[in-house]
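structure-v5.txt (compact mmCIF, N, CA and C atoms)
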# COMPACT_ATOMS: atom_id res chain seq x y z
N MET A 40 6.29 -5.90 21.62
CA MET A 40 5.00 -6.31 21.13
C MET A 40 4.53 -7.50 21.96
N PRO A 41 3.26 -7.55 22.30
CA PRO A 41 2.76 -8.68 23.08
C PRO A 41 2.94 -9.98 22.30
N SER A 42 2.99 -11.10 23.03
CA SER A 42 3.14 -12.38 22.36
C SER A 42 1.82 -12.74 21.68
N LEU A 43 1.94 -13.55 20.66
CA LEU A 43 0.77 -13.95 19.88
C LEU A 43 0.48 -15.41 20.15
N GLU A 44 -0.69 -15.66 20.72
CA GLU A 44 -1.13 -17.03 20.93
C GLU A 44 -2.02 -17.40 19.76
N THR A 45 -1.67 -18.49 19.09
CA THR A 45 -2.41 -18.86 17.90
C THR A 45 -2.51 -20.37 17.78
N THR A 46 -3.30 -20.80 16.85
CA THR A 46 -3.47 -22.23 16.60
C THR A 46 -2.88 -22.55 15.22
N PRO A 47 -2.59 -23.81 14.98
CA PRO A 47 -2.08 -24.17 13.65
C PRO A 47 -3.04 -23.78 12.52
N LYS A 48 -4.34 -23.87 12.77
CA LYS A 48 -5.33 -23.53 11.75
C LYS A 48 -5.25 -22.03 11.41
N ILE A 49 -5.17 -21.19 12.43
CA ILE A 49 -5.08 -19.75 12.20
C ILE A 49 -3.75 -19.40 11.55
N ARG A 50 -2.69 -20.03 12.02
CA ARG A 50 -1.37 -19.78 11.44
C ARG A 50 -1.36 -20.12 9.95
N ALA A 51 -1.98 -21.22 9.58
CA ALA A 51 -2.04 -21.63 8.16
C ALA A 51 -2.85 -20.62 7.35
N ARG A 52 -3.97 -20.16 7.90
CA ARG A 52 -4.80 -19.19 7.18
C ARG A 52 -4.05 -17.87 6.99
N MET A 53 -3.39 -17.39 8.03
CA MET A 53 -2.67 -16.12 7.94
C MET A 53 -1.48 -16.21 7.00
N SER A 54 -0.85 -17.36 6.91
CA SER A 54 0.31 -17.50 6.03
C SER A 54 -0.09 -17.44 4.56
N LYS A 55 -1.37 -17.65 4.28
CA LYS A 55 -1.86 -17.60 2.90
C LYS A 55 -2.27 -16.19 2.46
N GLN A 56 -2.23 -15.23 3.38
CA GLN A 56 -2.57 -13.85 3.04
C GLN A 56 -1.47 -13.29 2.15
N ARG A 57 -1.85 -12.82 0.98
CA ARG A 57 -0.88 -12.31 0.03
C ARG A 57 -0.46 -10.90 0.40
N SER A 58 0.82 -10.63 0.22
CA SER A 58 1.30 -9.28 0.48
C SER A 58 1.56 -8.53 -0.83
N ARG A 59 1.53 -9.25 -1.92
CA ARG A 59 1.71 -8.62 -3.23
C ARG A 59 0.90 -9.37 -4.26
N ASP A 60 0.64 -8.69 -5.37
CA ASP A 60 -0.16 -9.25 -6.46
C ASP A 60 -1.54 -9.70 -6.00
N THR A 61 -2.15 -8.87 -5.16
CA THR A 61 -3.51 -9.15 -4.71
C THR A 61 -4.48 -8.84 -5.85
N ASP A 62 -5.71 -9.27 -5.72
CA ASP A 62 -6.70 -9.05 -6.78
C ASP A 62 -6.84 -7.56 -7.11
N ILE A 63 -6.93 -6.72 -6.08
CA ILE A 63 -7.08 -5.28 -6.32
C ILE A 63 -5.85 -4.71 -7.01
N GLU A 64 -4.68 -5.16 -6.61
CA GLU A 64 -3.44 -4.69 -7.24
C GLU A 64 -3.41 -5.03 -8.72
N ILE A 65 -3.74 -6.26 -9.04
CA ILE A 65 -3.71 -6.70 -10.43
C ILE A 65 -4.76 -5.95 -11.25
N ALA A 66 -5.96 -5.80 -10.71
CA ALA A 66 -7.02 -5.06 -11.42
C ALA A 66 -6.60 -3.61 -11.63
N LEU A 67 -5.99 -3.01 -10.64
CA LEU A 67 -5.53 -1.63 -10.75
C LEU A 67 -4.44 -1.50 -11.81
N ARG A 68 -3.49 -2.41 -11.80
CA ARG A 68 -2.41 -2.38 -12.78
C ARG A 68 -2.94 -2.56 -14.20
N ARG A 69 -3.88 -3.46 -14.37
CA ARG A 69 -4.46 -3.68 -15.70
C ARG A 69 -5.14 -2.41 -16.21
N THR A 70 -5.88 -1.76 -15.33
CA THR A 70 -6.59 -0.54 -15.73
C THR A 70 -5.61 0.58 -16.05
N LEU A 71 -4.57 0.72 -15.25
CA LEU A 71 -3.56 1.74 -15.52
C LEU A 71 -2.84 1.47 -16.84
N HIS A 72 -2.52 0.22 -17.09
CA HIS A 72 -1.85 -0.15 -18.33
C HIS A 72 -2.75 0.12 -19.53
N ALA A 73 -4.03 -0.20 -19.40
CA ALA A 73 -4.99 0.06 -20.48
C ALA A 73 -5.13 1.55 -20.76
N ALA A 74 -4.89 2.37 -19.73
CA ALA A 74 -4.96 3.82 -19.90
C ALA A 74 -3.68 4.38 -20.52
N GLY A 75 -2.72 3.51 -20.80
CA GLY A 75 -1.49 3.94 -21.47
C GLY A 75 -0.35 4.28 -20.54
N LEU A 76 -0.53 4.06 -19.24
CA LEU A 76 0.55 4.37 -18.30
C LEU A 76 1.46 3.16 -18.12
N ARG A 77 2.74 3.43 -17.98
CA ARG A 77 3.71 2.38 -17.71
C ARG A 77 4.32 2.66 -16.34
N TYR A 78 4.68 1.62 -15.66
CA TYR A 78 5.07 1.73 -14.26
C TYR A 78 5.99 0.58 -13.87
N ARG A 79 6.53 0.68 -12.70
CA ARG A 79 7.31 -0.40 -12.09
C ARG A 79 6.46 -1.00 -10.97
N VAL A 80 6.73 -2.25 -10.66
CA VAL A 80 5.96 -2.94 -9.63
C VAL A 80 6.88 -3.32 -8.47
N HIS A 81 6.43 -3.05 -7.27
CA HIS A 81 7.14 -3.40 -6.04
C HIS A 81 8.58 -2.91 -6.06
N ARG A 82 8.70 -1.61 -6.11
CA ARG A 82 10.01 -0.96 -6.09
C ARG A 82 10.07 0.08 -4.99
N ARG A 83 11.27 0.34 -4.53
CA ARG A 83 11.48 1.40 -3.55
C ARG A 83 11.55 2.75 -4.26
N PRO A 84 10.74 3.70 -3.83
CA PRO A 84 10.86 5.03 -4.42
C PRO A 84 12.18 5.69 -4.03
N LEU A 85 12.60 5.48 -2.78
CA LEU A 85 13.85 6.04 -2.27
C LEU A 85 14.73 4.90 -1.77
N LYS A 86 15.94 4.87 -2.22
CA LYS A 86 16.84 3.80 -1.79
C LYS A 86 17.07 3.83 -0.28
N SER A 87 17.01 5.01 0.29
CA SER A 87 17.29 5.17 1.72
C SER A 87 16.12 4.74 2.62
N VAL A 88 14.97 4.46 2.03
CA VAL A 88 13.79 4.06 2.81
C VAL A 88 13.43 2.63 2.41
N ARG A 89 13.48 1.72 3.38
CA ARG A 89 13.24 0.31 3.09
C ARG A 89 11.75 -0.01 3.01
N ARG A 90 11.07 0.64 2.09
CA ARG A 90 9.65 0.39 1.87
C ARG A 90 9.36 0.43 0.39
N GLU A 91 8.61 -0.54 -0.07
CA GLU A 91 8.30 -0.64 -1.49
C GLU A 91 6.92 -0.09 -1.78
N ALA A 92 6.81 0.60 -2.90
CA ALA A 92 5.50 0.99 -3.41
C ALA A 92 4.98 -0.18 -4.23
N ASP A 93 3.68 -0.36 -4.23
CA ASP A 93 3.10 -1.44 -5.02
C ASP A 93 3.18 -1.12 -6.51
N ILE A 94 2.99 0.16 -6.85
CA ILE A 94 3.08 0.63 -8.23
C ILE A 94 3.86 1.94 -8.19
N LEU A 95 4.84 2.05 -9.06
CA LEU A 95 5.72 3.22 -9.02
C LEU A 95 5.84 3.86 -10.39
N PHE A 96 5.57 5.17 -10.43
CA PHE A 96 5.74 5.97 -11.64
C PHE A 96 6.96 6.85 -11.39
N GLY A 97 8.14 6.35 -11.75
CA GLY A 97 9.39 7.01 -11.44
C GLY A 97 9.52 8.43 -11.93
N PRO A 98 9.43 8.67 -13.23
CA PRO A 98 9.63 10.04 -13.72
C PRO A 98 8.63 11.04 -13.15
N ALA A 99 7.41 10.61 -12.89
CA ALA A 99 6.40 11.52 -12.33
C ALA A 99 6.49 11.60 -10.81
N ARG A 100 7.29 10.74 -10.23
CA ARG A 100 7.44 10.67 -8.77
C ARG A 100 6.11 10.44 -8.05
N VAL A 101 5.42 9.39 -8.49
CA VAL A 101 4.17 8.99 -7.85
C VAL A 101 4.34 7.55 -7.39
N ALA A 102 4.10 7.33 -6.10
CA ALA A 102 4.19 6.00 -5.51
C ALA A 102 2.80 5.59 -5.02
N VAL A 103 2.32 4.45 -5.51
CA VAL A 103 0.99 3.97 -5.16
C VAL A 103 1.12 2.79 -4.20
N PHE A 104 0.38 2.88 -3.10
CA PHE A 104 0.36 1.83 -2.10
C PHE A 104 -1.07 1.30 -2.01
N VAL A 105 -1.23 0.00 -2.19
CA VAL A 105 -2.54 -0.63 -2.06
C VAL A 105 -2.58 -1.24 -0.65
N ASP A 106 -3.43 -0.65 0.19
CA ASP A 106 -3.48 -1.04 1.60
C ASP A 106 -4.67 -1.94 1.89
N GLY A 107 -4.40 -3.02 2.59
CA GLY A 107 -5.45 -3.93 3.03
C GLY A 107 -6.23 -3.30 4.18
N CYS A 108 -7.53 -3.46 4.15
CA CYS A 108 -8.39 -2.85 5.18
C CYS A 108 -8.03 -3.33 6.59
N PHE A 109 -7.78 -4.61 6.75
CA PHE A 109 -7.43 -5.13 8.07
C PHE A 109 -6.04 -4.67 8.49
N TRP A 110 -5.06 -4.90 7.65
CA TRP A 110 -3.66 -4.67 8.01
C TRP A 110 -3.31 -3.21 8.23
N HIS A 111 -4.04 -2.32 7.58
CA HIS A 111 -3.71 -0.89 7.69
C HIS A 111 -4.79 -0.08 8.41
N GLY A 112 -5.77 -0.76 8.99
CA GLY A 112 -6.77 -0.08 9.81
C GLY A 112 -7.68 0.86 9.05
N CYS A 113 -8.30 0.36 8.00
CA CYS A 113 -9.22 1.16 7.19
C CYS A 113 -10.29 1.80 8.08
N PRO A 114 -10.53 3.11 7.90
CA PRO A 114 -11.54 3.77 8.72
C PRO A 114 -12.95 3.24 8.50
N GLU A 115 -13.21 2.66 7.33
CA GLU A 115 -14.53 2.11 7.03
C GLU A 115 -14.68 0.65 7.43
N HIS A 116 -13.63 -0.15 7.25
CA HIS A 116 -13.76 -1.59 7.39
C HIS A 116 -12.86 -2.24 8.43
N ALA A 117 -12.10 -1.47 9.15
CA ALA A 117 -11.18 -2.06 10.12
C ALA A 117 -11.97 -2.82 11.18
N THR A 118 -11.46 -3.98 11.50
CA THR A 118 -12.05 -4.77 12.59
C THR A 118 -10.94 -5.02 13.61
N TRP A 119 -11.33 -5.07 14.84
CA TRP A 119 -10.37 -5.31 15.90
C TRP A 119 -10.64 -6.70 16.46
N PRO A 120 -9.76 -7.64 16.18
CA PRO A 120 -9.98 -9.01 16.64
C PRO A 120 -10.09 -9.09 18.16
N LYS A 121 -10.90 -10.02 18.60
CA LYS A 121 -11.05 -10.25 20.04
C LYS A 121 -9.92 -11.13 20.56
N ASN A 122 -9.51 -12.11 19.77
CA ASN A 122 -8.37 -12.95 20.16
C ASN A 122 -7.09 -12.16 19.93
N ASN A 123 -6.22 -12.19 20.91
CA ASN A 123 -4.93 -11.49 20.82
C ASN A 123 -5.12 -10.00 20.51
N ALA A 124 -6.13 -9.42 21.13
CA ALA A 124 -6.51 -8.03 20.83
C ALA A 124 -5.35 -7.05 20.99
N ASP A 125 -4.58 -7.17 22.05
CA ASP A 125 -3.46 -6.24 22.26
C ASP A 125 -2.41 -6.37 21.15
N PHE A 126 -2.11 -7.61 20.79
CA PHE A 126 -1.13 -7.84 19.73
C PHE A 126 -1.59 -7.18 18.44
N TRP A 127 -2.83 -7.41 18.03
CA TRP A 127 -3.32 -6.91 16.75
C TRP A 127 -3.47 -5.40 16.75
N ARG A 128 -3.94 -4.83 17.85
CA ARG A 128 -4.07 -3.37 17.91
C ARG A 128 -2.69 -2.73 17.76
N GLU A 129 -1.70 -3.25 18.46
CA GLU A 129 -0.35 -2.70 18.36
C GLU A 129 0.22 -2.88 16.95
N LYS A 130 0.00 -4.05 16.35
CA LYS A 130 0.48 -4.33 15.00
C LYS A 130 -0.12 -3.36 13.99
N ILE A 131 -1.43 -3.17 14.05
CA ILE A 131 -2.11 -2.29 13.09
C ILE A 131 -1.73 -0.84 13.32
N GLU A 132 -1.61 -0.43 14.57
CA GLU A 132 -1.19 0.94 14.86
C GLU A 132 0.24 1.20 14.36
N LYS A 133 1.12 0.21 14.50
CA LYS A 133 2.47 0.36 13.96
C LYS A 133 2.44 0.49 12.45
N ASN A 134 1.58 -0.28 11.80
CA ASN A 134 1.45 -0.17 10.34
C ASN A 134 0.99 1.23 9.95
N ARG A 135 0.01 1.76 10.67
CA ARG A 135 -0.49 3.11 10.38
C ARG A 135 0.62 4.15 10.56
N THR A 136 1.37 4.01 11.63
CA THR A 136 2.47 4.94 11.91
C THR A 136 3.53 4.86 10.81
N ARG A 137 3.86 3.63 10.39
CA ARG A 137 4.84 3.45 9.32
C ARG A 137 4.33 4.04 8.00
N ASP A 138 3.04 3.86 7.71
CA ASP A 138 2.47 4.43 6.49
C ASP A 138 2.59 5.96 6.50
N HIS A 139 2.27 6.55 7.63
CA HIS A 139 2.37 8.02 7.74
C HIS A 139 3.82 8.47 7.57
N ASP A 140 4.75 7.75 8.20
CA ASP A 140 6.17 8.07 8.08
C ASP A 140 6.63 7.94 6.63
N THR A 141 6.18 6.91 5.94
CA THR A 141 6.53 6.72 4.53
C THR A 141 6.03 7.89 3.70
N ASP A 142 4.77 8.26 3.89
CA ASP A 142 4.19 9.37 3.13
C ASP A 142 4.97 10.66 3.37
N THR A 143 5.35 10.90 4.63
CA THR A 143 6.09 12.10 4.98
C THR A 143 7.47 12.12 4.33
N ARG A 144 8.19 11.01 4.42
CA ARG A 144 9.53 10.93 3.82
C ARG A 144 9.49 11.11 2.31
N LEU A 145 8.50 10.49 1.69
CA LEU A 145 8.40 10.62 0.24
C LEU A 145 8.07 12.06 -0.15
N ALA A 146 7.15 12.68 0.57
CA ALA A 146 6.78 14.07 0.28
C ALA A 146 7.98 14.99 0.42
N GLU A 147 8.79 14.77 1.44
CA GLU A 147 9.99 15.58 1.64
C GLU A 147 10.97 15.44 0.48
N ALA A 148 10.94 14.29 -0.20
CA ALA A 148 11.84 14.04 -1.32
C ALA A 148 11.18 14.37 -2.67
N GLY A 149 9.99 14.97 -2.62
CA GLY A 149 9.33 15.39 -3.86
C GLY A 149 8.42 14.36 -4.48
N TRP A 150 8.13 13.30 -3.76
CA TRP A 150 7.25 12.25 -4.26
C TRP A 150 5.82 12.48 -3.77
N LEU A 151 4.89 11.94 -4.52
CA LEU A 151 3.48 11.94 -4.12
C LEU A 151 3.08 10.51 -3.79
N SER A 152 2.61 10.30 -2.57
CA SER A 152 2.10 8.99 -2.16
C SER A 152 0.61 8.94 -2.41
N VAL A 153 0.18 7.86 -3.01
CA VAL A 153 -1.25 7.65 -3.24
C VAL A 153 -1.62 6.36 -2.52
N ARG A 154 -2.61 6.44 -1.65
CA ARG A 154 -3.08 5.27 -0.91
C ARG A 154 -4.40 4.81 -1.50
N VAL A 155 -4.46 3.53 -1.84
CA VAL A 155 -5.68 2.92 -2.36
C VAL A 155 -6.07 1.81 -1.40
N TRP A 156 -7.29 1.86 -0.91
CA TRP A 156 -7.78 0.80 -0.01
C TRP A 156 -8.24 -0.40 -0.83
N GLU A 157 -8.09 -1.57 -0.28
CA GLU A 157 -8.45 -2.78 -1.01
C GLU A 157 -9.93 -2.83 -1.38
N HIS A 158 -10.77 -2.09 -0.64
CA HIS A 158 -12.21 -2.11 -0.93
C HIS A 158 -12.60 -1.14 -2.05
N GLU A 159 -11.66 -0.30 -2.47
CA GLU A 159 -11.99 0.68 -3.50
C GLU A 159 -12.20 0.03 -4.86
N ASN A 160 -13.00 0.67 -5.66
CA ASN A 160 -13.22 0.23 -7.03
C ASN A 160 -11.92 0.50 -7.80
N PRO A 161 -11.32 -0.54 -8.40
CA PRO A 161 -10.03 -0.34 -9.07
C PRO A 161 -10.11 0.64 -10.25
N THR A 162 -11.24 0.67 -10.93
CA THR A 162 -11.37 1.59 -12.06
C THR A 162 -11.38 3.03 -11.58
N GLN A 163 -12.10 3.30 -10.50
CA GLN A 163 -12.14 4.66 -9.96
C GLN A 163 -10.79 5.06 -9.39
N ALA A 164 -10.13 4.13 -8.71
CA ALA A 164 -8.80 4.42 -8.17
C ALA A 164 -7.83 4.70 -9.31
N ALA A 165 -7.91 3.92 -10.38
CA ALA A 165 -7.02 4.13 -11.53
C ALA A 165 -7.27 5.48 -12.18
N GLU A 166 -8.52 5.88 -12.28
CA GLU A 166 -8.84 7.19 -12.86
C GLU A 166 -8.19 8.31 -12.05
N ARG A 167 -8.23 8.19 -10.73
CA ARG A 167 -7.61 9.17 -9.84
C ARG A 167 -6.09 9.20 -10.06
N ILE A 168 -5.49 8.03 -10.19
CA ILE A 168 -4.05 7.93 -10.36
C ILE A 168 -3.62 8.47 -11.72
N VAL A 169 -4.38 8.16 -12.76
CA VAL A 169 -4.05 8.64 -14.11
C VAL A 169 -3.99 10.17 -14.12
N ILE A 170 -4.97 10.80 -13.50
CA ILE A 170 -5.00 12.27 -13.44
C ILE A 170 -3.76 12.80 -12.71
N LEU A 171 -3.44 12.20 -11.56
CA LEU A 171 -2.28 12.65 -10.78
C LEU A 171 -0.98 12.49 -11.55
N VAL A 172 -0.80 11.33 -12.17
CA VAL A 172 0.45 11.08 -12.92
C VAL A 172 0.56 12.04 -14.09
N ARG A 173 -0.52 12.20 -14.85
CA ARG A 173 -0.46 13.10 -16.01
C ARG A 173 -0.25 14.55 -15.59
N ASP A 174 -0.88 14.97 -14.49
CA ASP A 174 -0.67 16.34 -14.00
C ASP A 174 0.78 16.56 -13.59
N ARG A 175 1.36 15.58 -12.91
CA ARG A 175 2.75 15.74 -12.47
C ARG A 175 3.70 15.71 -13.66
N ARG A 176 3.39 14.91 -14.64
CA ARG A 176 4.24 14.88 -15.85
C ARG A 176 4.16 16.24 -16.56
N ALA A 177 2.95 16.77 -16.66
CA ALA A 177 2.77 18.07 -17.32
C ALA A 177 3.46 19.19 -16.55
N ALA A 178 3.53 19.05 -15.22
CA ALA A 178 4.16 20.07 -14.39
C ALA A 178 5.68 19.97 -14.44
N GLY A 179 6.18 18.91 -15.09
CA GLY A 179 7.62 18.79 -15.26
C GLY A 179 8.35 18.09 -14.15
N TYR A 180 7.65 17.26 -13.36
CA TYR A 180 8.36 16.50 -12.35
C TYR A 180 9.23 15.49 -13.04
N THR A 181 10.48 15.43 -12.60
CA THR A 181 11.40 14.44 -13.16
C THR A 181 12.15 13.78 -12.04
N LEU A 182 12.53 12.59 -12.27
CA LEU A 182 13.28 11.82 -11.29
C LEU A 182 14.76 12.19 -11.41
N THR A 183 15.29 12.79 -10.34
CA THR A 183 16.69 13.21 -10.39
C THR A 183 17.50 12.63 -9.26
N THR A 184 16.95 11.65 -8.55
CA THR A 184 17.70 11.05 -7.43
C THR A 184 18.46 9.85 -7.87
Structure rendered as structure tokens:
Amino acid sequence: MPSLETTPKIRARMSKQRSRDTDIEIALRRTLHAAGLRYRVHRRPLKSVRREADILFGPARVAVFVDGCFWHGCPEHATWPKNNADFWREKIEKNRTRDHDTDTRLAEAGWLSVRVWEHENPTQAAERIVILVRDRRAAGYTLTT
């Protein structure tokens, strides 16, 4: 990966970026809880894969990932910084590749990955997730790993 040239001001700002319990995550969890769903937070769906889902419905085998528009290269809102452009493009592309790999591995193990962008309306995202979880529960998906 190319080296990153930065300033103390930028370093301080980037260190304050939350990787968990973001506003969208909390709003999504509240809405899901209000809909009667119970879940785990920041858990690995598969022990063999070192990646955590933001919200996990174990028995239904549904893993929800809340992706930041910048960090995961949102097709609608992704921006490509001019400073350290090579570094950031490589970083974001690696994130995209890892996300795809995660989705593939989970699917192979019988899990459903749900991606929610940070710009999405949490209520609408929750409605989508509620339907998926309830459908999978009705279909008899059970956690047997």
query = Nearest to Thr136 (chain A) among A:His111, A:Val155, A:Thr70, A:Pro84, with distances taken over only C-alpha atoms: which residue is it?
reply =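 When distances to Thr136 (chain A) are compared using only C-alpha atoms, the smallest one comes from A:His111.
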Quick one: residues within 10 Å of Phe109 (chain A), only C-alpha atoms counted, chain neighbours fewer than 2 positions away excluded, as an mmCIF file with N, CA and C atoms, keeping the file's coordinate frame?
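Done, and the output landed in selection-v9.cif:
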data_model
loop_
_atom_site.group_PDB
_atom_site.id
_atom_site.type_symbol
_atom_site.label_atom_id
_atom_site.label_comp_id
_atom_site.auth_asym_id
_atom_site.auth_seq_id
_atom_site.Cartn_x
_atom_site.Cartn_y
_atom_site.Cartn_z
ATOM 1 N N ASP A 106 -3.430 -0.650 0.190
ATOM 2 C CA ASP A 106 -3.480 -1.040 1.600
ATOM 3 C C ASP A 106 -4.670 -1.940 1.890
ATOM 4 N N GLY A 107 -4.400 -3.020 2.590
ATOM 5 C CA GLY A 107 -5.450 -3.930 3.030
ATOM 6 C C GLY A 107 -6.230 -3.300 4.180
ATOM 7 N N HIS A 111 -4.040 -2.320 7.580
ATOM 8 C CA HIS A 111 -3.710 -0.890 7.690
ATOM 9 C C HIS A 111 -4.790 -0.080 8.410
ATOM 10 N N GLY A 112 -5.770 -0.760 8.990
ATOM 11 C CA GLY A 112 -6.770 -0.080 9.810
ATOM 12 C C GLY A 112 -7.680 0.860 9.050
ATOM 13 N N CYS A 113 -8.300 0.360 8.000
ATOM 14 C CA CYS A 113 -9.220 1.160 7.190
ATOM 15 C C CYS A 113 -10.290 1.800 8.080
ATOM 16 N N PRO A 114 -10.530 3.110 7.900
ATOM 17 C CA PRO A 114 -11.540 3.770 8.720
ATOM 18 C C PRO A 114 -12.950 3.240 8.500
ATOM 19 N N HIS A 116 -13.630 -0.150 7.250
ATOM 20 C CA HIS A 116 -13.760 -1.590 7.390
ATOM 21 C C HIS A 116 -12.860 -2.240 8.430
ATOM 22 N N ALA A 117 -12.100 -1.470 9.150
ATOM 23 C CA ALA A 117 -11.180 -2.060 10.120
ATOM 24 C C ALA A 117 -11.970 -2.820 11.180
ATOM 25 N N THR A 118 -11.460 -3.980 11.500
ATOM 26 C CA THR A 118 -12.050 -4.770 12.590
ATOM 27 C C THR A 118 -10.940 -5.020 13.610
ATOM 28 N N TRP A 119 -11.330 -5.070 14.840
ATOM 29 C CA TRP A 119 -10.370 -5.310 15.900
ATOM 30 C C TRP A 119 -10.640 -6.700 16.460
ATOM 31 N N PRO A 120 -9.760 -7.640 16.180
ATOM 32 C CA PRO A 120 -9.980 -9.010 16.640
ATOM 33 C C PRO A 120 -10.090 -9.090 18.160
ATOM 34 N N TRP A 127 -2.830 -7.410 18.030
ATOM 35 C CA TRP A 127 -3.320 -6.910 16.750
ATOM 36 C C TRP A 127 -3.470 -5.400 16.750
ATOM 37 N N ILE A 131 -1.430 -3.170 14.050
ATOM 38 C CA ILE A 131 -2.110 -2.290 13.090
ATOM 39 C C ILE A 131 -1.730 -0.840 13.320
ATOM 40 N N GLU A 157 -8.090 -1.570 -0.280
ATOM 41 C CA GLU A 157 -8.450 -2.780 -1.010
ATOM 42 C C GLU A 157 -9.930 -2.830 -1.380
#
ask   = Mind pulling up the distance from CA of Arg137 (chain A) to atom C of Val101 (chain A)?
value =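 Distance between the two atoms: 17.2 Å.
Around Asp93 (chain A), within 6 Å and counting only C-alpha atoms, the residues found are Val80, His81, Val103 and Phe104 of chain A, once anything fewer than 5 positions away on its own chain is removed.
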Produce a file of the selected residues containing N, CA and C atoms, as a compact mmCIF listing (two decimals), keeping the file's coordinate frame.
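selection33.txt, freshly written:
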# COMPACT_ATOMS: atom_id res chain seq x y z
N VAL A 80 6.73 -2.25 -10.66
CA VAL A 80 5.96 -2.94 -9.63
C VAL A 80 6.88 -3.32 -8.47
N HIS A 81 6.43 -3.05 -7.27
CA HIS A 81 7.14 -3.40 -6.04
C HIS A 81 8.58 -2.91 -6.06
N VAL A 103 2.32 4.45 -5.51
CA VAL A 103 0.99 3.97 -5.16
C VAL A 103 1.12 2.79 -4.20
N PHE A 104 0.38 2.88 -3.10
CA PHE A 104 0.36 1.83 -2.10
C PHE A 104 -1.07 1.30 -2.01
inquiry  = Let me make sure I understand: among A:Leu85, A:Val105, A:Leu95, A:Leu67, which one has the smallest atom-to-atom distance to Ala164 (chain A) if we use only N, CA and C atoms?
reply    =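 Of all the options, A:Leu67 lies closest to Ala164 (chain A).
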task = Measure the distance from atom C of Thr141 (chain A) to atom N of Lys121 (chain A) in Å and round it to one decimal.
result =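 Taking atom C of Thr141 (chain A) and atom N of Lys121 (chain A), their separation equals 28.8 Å.
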request  = Kindly extract all protein, DNA and RNA residues lying within 6.5 Å of the coordinates (9.8, 3.7, -6.4) given in the file, considering all atoms listed in the file, and supply them as a PyMOL selection string.
outcome  = chain A and resi 82-85+92+94-97+102
ask   = Quick one: distance from CA of Arg100 (chain A) to CA of Trp150 (chain A) in Å, one decimal?
value = 4.8 Å
message = What parts of region 53-146 of chain A does DSSP call strand (DSSP E or B)? I'd like the answer as a PyMOL selection string.
response = chain A and resi 79-82+92-96+101-106
task = Would you list the contacts of Gly149 (chain A) as a list in words, taking every protein, DNA or RNA residue within 10 Å and counting only C-alpha atoms, but skipping same-chain residues closer than 3 positions in sequence?
result =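 The residues that qualify are Ala99, Arg100, Val101, Thr143, Arg144, Leu145, Ala146, Ser152, Tyr180, Thr181 and Leu182 of chain A.
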